[in-house]
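K.L.:
Okay, handing you the structure first.
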Amino acid sequence: MSCIEQRGTTLGAMLLSQRTRIQHCRACGTAVAYRVPPDDNRERAICGRCGHIQYENPLNVVGTVPVWEDKVLLCRRNIEPRHGFWTLPAGFLELGETTAHGALRETDEEAGALIELGPLFSLLNVVQVGQVHLFYLATLKSDVFHPGPETIEARLFAEHEIPWDELAFRTVKVTLQHFFECRRVGQFALHCSDIG
Ligand code: ZN
């Protein structure tokens with residue numbers, strides 16, 4: 001899709017600086033070395049003292065496309081990265097949550113918006129930064145929002161008002177483009193793609 005080629009930042013970029021290679025053992029604090037464990041096929045951070053192996057796996061980012069009449073709710077970020085840019089409400093899935101619960105929680109935390117969750121709408125692999133982004137369709141129950149500290153402003157946008165050049169992340173742009181395409185044809189289908 002052409003939208004994949006557009007410039008922008010992925011939500012995953014926030015982890016680029018954080019997901020540097022592991023330096024120390026989580027169990028005992030000794031410096032680790034990267035090598036392939038027996039019966040494995042890739043390098044892992046292995047402790048030279050206690051032998052603990054630290055596995056690193058992709059993180060899930062979950063969010064929603066909250067809709068009120070013909071408008072979509074966006075949040076203006078009050079945190080880095082991409083401070084001041086607009087995003088769909090989304091964030092990292094927590095342990096103990098389903099993806100649906102995480103999407104609901106993030107929508108509440110970032111926008112203070114009451115929603116009814118709909119079906120999964122986009123699944124985007126952001127392999128470069130080790131993340132999978134999942135957005136659900138959602139229907140807003142109210143157009144009154146109470147944004148949390150991570151959000152400067154939460155407001156509704158009609159399609160012609162979307163600040164395409166001020167969107168924080170490529171996965172948000174791809175999801176919004178897909179949303180408006182689906183609405184034009186009157187059929188909402190799950191979109192899966194890889195953000196390279
Ligand atoms: Zn150790």
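Going through the structure tokens in order, the chains are called A, B, and so on, while each chain numbers its residues from 1 and the ligands are numbered from 1 in the order shown.
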Collect all residues with atoms no farther than 8 Å from ligand 1, counting only C-alpha atoms and all ligand atoms, and output them as a PyMOL selection string.

P.N.:
chain A and resi 24-32+46-52

K.L.:
Chain A: which residues are strand (DSSP E) by DSSP, as number ranges by chain?

P.N.:
A: 32-35, 44-47, 53-54, 59-68, 71-77, 86-87, 90-92, 115-126, 131-140, 151-157, 191-194

K.L.:
To one decimal in Å, tell me the separation between atom CA of Trp86 of chain A and atom CA of Leu167 of chain A.

P.N.:
4.7 Å

K.L.:
Could you please determine the separation between atom CA of Gly63 of chain A and atom CA of Phe135 of chain A in Å, to one decimal place?

P.N.:
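One can read the atom CA of Gly63 of chain A to atom CA of Phe135 of chain A distance as 4.7 Å.
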
K.L.:
Could you go through chain A and tell me which residues DSSP, when run on the backbone, assigns to alpha helix (DSSP H), listing them as a PDB file with N, CA and C atoms, in the first residue's frame?

P.N.:
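Listing of part_36.pdb after writing:
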```
ATOM      1  N   SER A   2       0.419   2.259  -0.680  1.00  0.00           N
ATOM      2  CA  SER A   2       1.205   3.480  -0.745  1.00  0.00           C
ATOM      3  C   SER A   2       1.355   4.128   0.629  1.00  0.00           C
ATOM      4  N   CYS A   3       0.341   3.934   1.451  1.00  0.00           N
ATOM      5  CA  CYS A   3       0.394   4.580   2.760  1.00  0.00           C
ATOM      6  C   CYS A   3       1.572   4.074   3.583  1.00  0.00           C
ATOM      7  N   ILE A   4       1.980   2.838   3.325  1.00  0.00           N
ATOM      8  CA  ILE A   4       3.093   2.276   4.085  1.00  0.00           C
ATOM      9  C   ILE A   4       4.378   3.043   3.782  1.00  0.00           C
ATOM     10  N   GLU A   5       4.428   3.609   2.591  1.00  0.00           N
ATOM     11  CA  GLU A   5       5.672   4.256   2.177  1.00  0.00           C
ATOM     12  C   GLU A   5       5.787   5.687   2.685  1.00  0.00           C
ATOM     13  N   THR A  99      -5.974  -8.086  24.982  1.00  0.00           N
ATOM     14  CA  THR A  99      -5.740  -6.935  24.097  1.00  0.00           C
ATOM     15  C   THR A  99      -6.931  -5.985  24.128  1.00  0.00           C
ATOM     16  N   ALA A 100      -8.138  -6.524  24.239  1.00  0.00           N
ATOM     17  CA  ALA A 100      -9.333  -5.673  24.295  1.00  0.00           C
ATOM     18  C   ALA A 100      -9.347  -4.831  25.570  1.00  0.00           C
ATOM     19  N   HIS A 101      -9.011  -5.455  26.701  1.00  0.00           N
ATOM     20  CA  HIS A 101      -8.976  -4.697  27.958  1.00  0.00           C
ATOM     21  C   HIS A 101      -7.915  -3.611  27.910  1.00  0.00           C
ATOM     22  N   GLY A 102      -6.762  -3.939  27.320  1.00  0.00           N
ATOM     23  CA  GLY A 102      -5.697  -2.949  27.208  1.00  0.00           C
ATOM     24  C   GLY A 102      -6.122  -1.764  26.358  1.00  0.00           C
ATOM     25  N   ALA A 103      -6.805  -2.034  25.255  1.00  0.00           N
ATOM     26  CA  ALA A 103      -7.269  -0.955  24.375  1.00  0.00           C
ATOM     27  C   ALA A 103      -8.281  -0.066  25.096  1.00  0.00           C
ATOM     28  N   LEU A 104      -9.174  -0.676  25.853  1.00  0.00           N
ATOM     29  CA  LEU A 104     -10.149   0.090  26.645  1.00  0.00           C
ATOM     30  C   LEU A 104      -9.440   0.953  27.687  1.00  0.00           C
ATOM     31  N   ARG A 105      -8.494   0.358  28.384  1.00  0.00           N
ATOM     32  CA  ARG A 105      -7.779   1.082  29.435  1.00  0.00           C
ATOM     33  C   ARG A 105      -7.014   2.270  28.859  1.00  0.00           C
ATOM     34  N   GLU A 106      -6.301   2.043  27.751  1.00  0.00           N
ATOM     35  CA  GLU A 106      -5.519   3.132  27.165  1.00  0.00           C
ATOM     36  C   GLU A 106      -6.431   4.274  26.695  1.00  0.00           C
ATOM     37  N   THR A 107      -7.589   3.923  26.178  1.00  0.00           N
ATOM     38  CA  THR A 107      -8.523   4.951  25.711  1.00  0.00           C
ATOM     39  C   THR A 107      -9.034   5.768  26.885  1.00  0.00           C
ATOM     40  N   ASP A 108      -9.256   5.084  27.998  1.00  0.00           N
ATOM     41  CA  ASP A 108      -9.695   5.787  29.206  1.00  0.00           C
ATOM     42  C   ASP A 108      -8.567   6.647  29.761  1.00  0.00           C
ATOM     43  N   GLU A 109      -7.358   6.090  29.840  1.00  0.00           N
ATOM     44  CA  GLU A 109      -6.244   6.828  30.447  1.00  0.00           C
ATOM     45  C   GLU A 109      -5.847   8.046  29.617  1.00  0.00           C
ATOM     46  N   GLU A 110      -5.791   7.891  28.314  1.00  0.00           N
ATOM     47  CA  GLU A 110      -5.270   8.971  27.475  1.00  0.00           C
ATOM     48  C   GLU A 110      -6.336  10.001  27.111  1.00  0.00           C
ATOM     49  N   ALA A 111      -7.558   9.551  26.897  1.00  0.00           N
ATOM     50  CA  ALA A 111      -8.587  10.473  26.426  1.00  0.00           C
ATOM     51  C   ALA A 111      -9.697  10.706  27.454  1.00  0.00           C
ATOM     52  N   ARG A 170       3.364   6.251  12.258  1.00  0.00           N
ATOM     53  CA  ARG A 170       2.905   5.696  10.978  1.00  0.00           C
ATOM     54  C   ARG A 170       1.770   4.691  11.154  1.00  0.00           C
ATOM     55  N   THR A 171       1.792   3.949  12.248  1.00  0.00           N
ATOM     56  CA  THR A 171       0.718   2.977  12.439  1.00  0.00           C
ATOM     57  C   THR A 171      -0.631   3.683  12.630  1.00  0.00           C
ATOM     58  N   VAL A 172      -0.591   4.868  13.210  1.00  0.00           N
ATOM     59  CA  VAL A 172      -1.812   5.660  13.365  1.00  0.00           C
ATOM     60  C   VAL A 172      -2.283   6.150  11.999  1.00  0.00           C
ATOM     61  N   LYS A 173      -1.342   6.614  11.188  1.00  0.00           N
ATOM     62  CA  LYS A 173      -1.699   7.107   9.851  1.00  0.00           C
ATOM     63  C   LYS A 173      -2.296   5.986   8.999  1.00  0.00           C
ATOM     64  N   VAL A 174      -1.656   4.823   9.014  1.00  0.00           N
ATOM     65  CA  VAL A 174      -2.149   3.692   8.226  1.00  0.00           C
ATOM     66  C   VAL A 174      -3.544   3.276   8.693  1.00  0.00           C
ATOM     67  N   THR A 175      -3.736   3.237   9.998  1.00  0.00           N
ATOM     68  CA  THR A 175      -5.037   2.829  10.543  1.00  0.00           C
ATOM     69  C   THR A 175      -6.124   3.836  10.175  1.00  0.00           C
ATOM     70  N   LEU A 176      -5.823   5.119  10.255  1.00  0.00           N
ATOM     71  CA  LEU A 176      -6.820   6.140   9.895  1.00  0.00           C
ATOM     72  C   LEU A 176      -7.131   6.105   8.401  1.00  0.00           C
ATOM     73  N   GLN A 177      -6.113   5.930   7.577  1.00  0.00           N
ATOM     74  CA  GLN A 177      -6.360   5.847   6.130  1.00  0.00           C
ATOM     75  C   GLN A 177      -7.268   4.666   5.817  1.00  0.00           C
ATOM     76  N   HIS A 178      -6.979   3.533   6.467  1.00  0.00           N
ATOM     77  CA  HIS A 178      -7.810   2.347   6.259  1.00  0.00           C
ATOM     78  C   HIS A 178      -9.240   2.598   6.740  1.00  0.00           C
ATOM     79  N   PHE A 179      -9.374   3.284   7.863  1.00  0.00           N
ATOM     80  CA  PHE A 179     -10.707   3.572   8.398  1.00  0.00           C
ATOM     81  C   PHE A 179     -11.546   4.378   7.400  1.00  0.00           C
ATOM     82  N   PHE A 180     -10.948   5.440   6.854  1.00  0.00           N
ATOM     83  CA  PHE A 180     -11.735   6.283   5.942  1.00  0.00           C
ATOM     84  C   PHE A 180     -11.999   5.572   4.607  1.00  0.00           C
ATOM     85  N   GLU A 181     -11.062   4.713   4.182  1.00  0.00           N
ATOM     86  CA  GLU A 181     -11.306   3.904   2.973  1.00  0.00           C
ATOM     87  C   GLU A 181     -12.484   2.961   3.199  1.00  0.00           C
ATOM     88  N   CYS A 182     -12.479   2.320   4.354  1.00  0.00           N
ATOM     89  CA  CYS A 182     -13.570   1.386   4.675  1.00  0.00           C
ATOM     90  C   CYS A 182     -14.901   2.117   4.748  1.00  0.00           C
ATOM     91  N   ARG A 183     -14.886   3.288   5.346  1.00  0.00           N
ATOM     92  CA  ARG A 183     -16.145   4.029   5.500  1.00  0.00           C
ATOM     93  C   ARG A 183     -16.699   4.440   4.141  1.00  0.00           C
ATOM     94  N   ARG A 184     -15.788   4.766   3.209  1.00  0.00           N
ATOM     95  CA  ARG A 184     -16.248   5.143   1.866  1.00  0.00           C
ATOM     96  C   ARG A 184     -16.965   3.988   1.177  1.00  0.00           C
ATOM     97  N   VAL A 185     -16.432   2.773   1.354  1.00  0.00           N
ATOM     98  CA  VAL A 185     -17.066   1.617   0.697  1.00  0.00           C
ATOM     99  C   VAL A 185     -18.131   0.978   1.578  1.00  0.00           C
TER     100      VAL A 185
END
```

K.L.:
Excluding Asn57 of chain A and residues on its chain fewer than 4 positions from it, collect all residues at most 12 Å away from it, counting only C-alpha atoms, and give them as a PyMOL selection string.

P.N.:
chain A and resi 19+44+127+129-132

K.L.:
Leaving out Leu88 of chain A and any residue of its chain fewer than 2 positions from it, which residues lie within 7 Å of it when counting only C-alpha atoms, given as JSON, numbers by chain?

P.N.:
{"A": [63, 64, 65, 73, 74, 75, 90, 172]}

K.L.:
Using only C-alpha atoms, please write the residues we just selected to a file, as a compact mmCIF listing (two decimals), in the first residue's frame.

P.N.:
```
# COMPACT_ATOMS: atom_id res chain seq x y z
CA GLY A 63 -5.43 1.14 20.99
CA THR A 64 -8.72 2.21 19.48
CA VAL A 65 -10.29 4.20 16.66
CA LEU A 73 -11.15 11.05 18.38
CA LEU A 74 -7.46 11.96 18.42
CA CYS A 75 -5.21 12.84 21.33
CA ALA A 90 -2.92 3.58 22.38
CA VAL A 172 -1.81 5.66 13.37
```

K.L.:
If you count only C-alpha atoms, which residues fall within 7 Å of Phe85 of chain A, apart from same-chain ones fewer than 5 positions away, as a list in words?

P.N.:
Arg76, Arg77, Glu166, Leu167 and Ala168 of chain A

K.L.:
Taking into account only C-alpha atoms, which residue in the set A:Ala33, A:Ile22, A:Val62, A:Leu190 is nearest to Leu120 of chain A?

P.N.:
A:Leu190
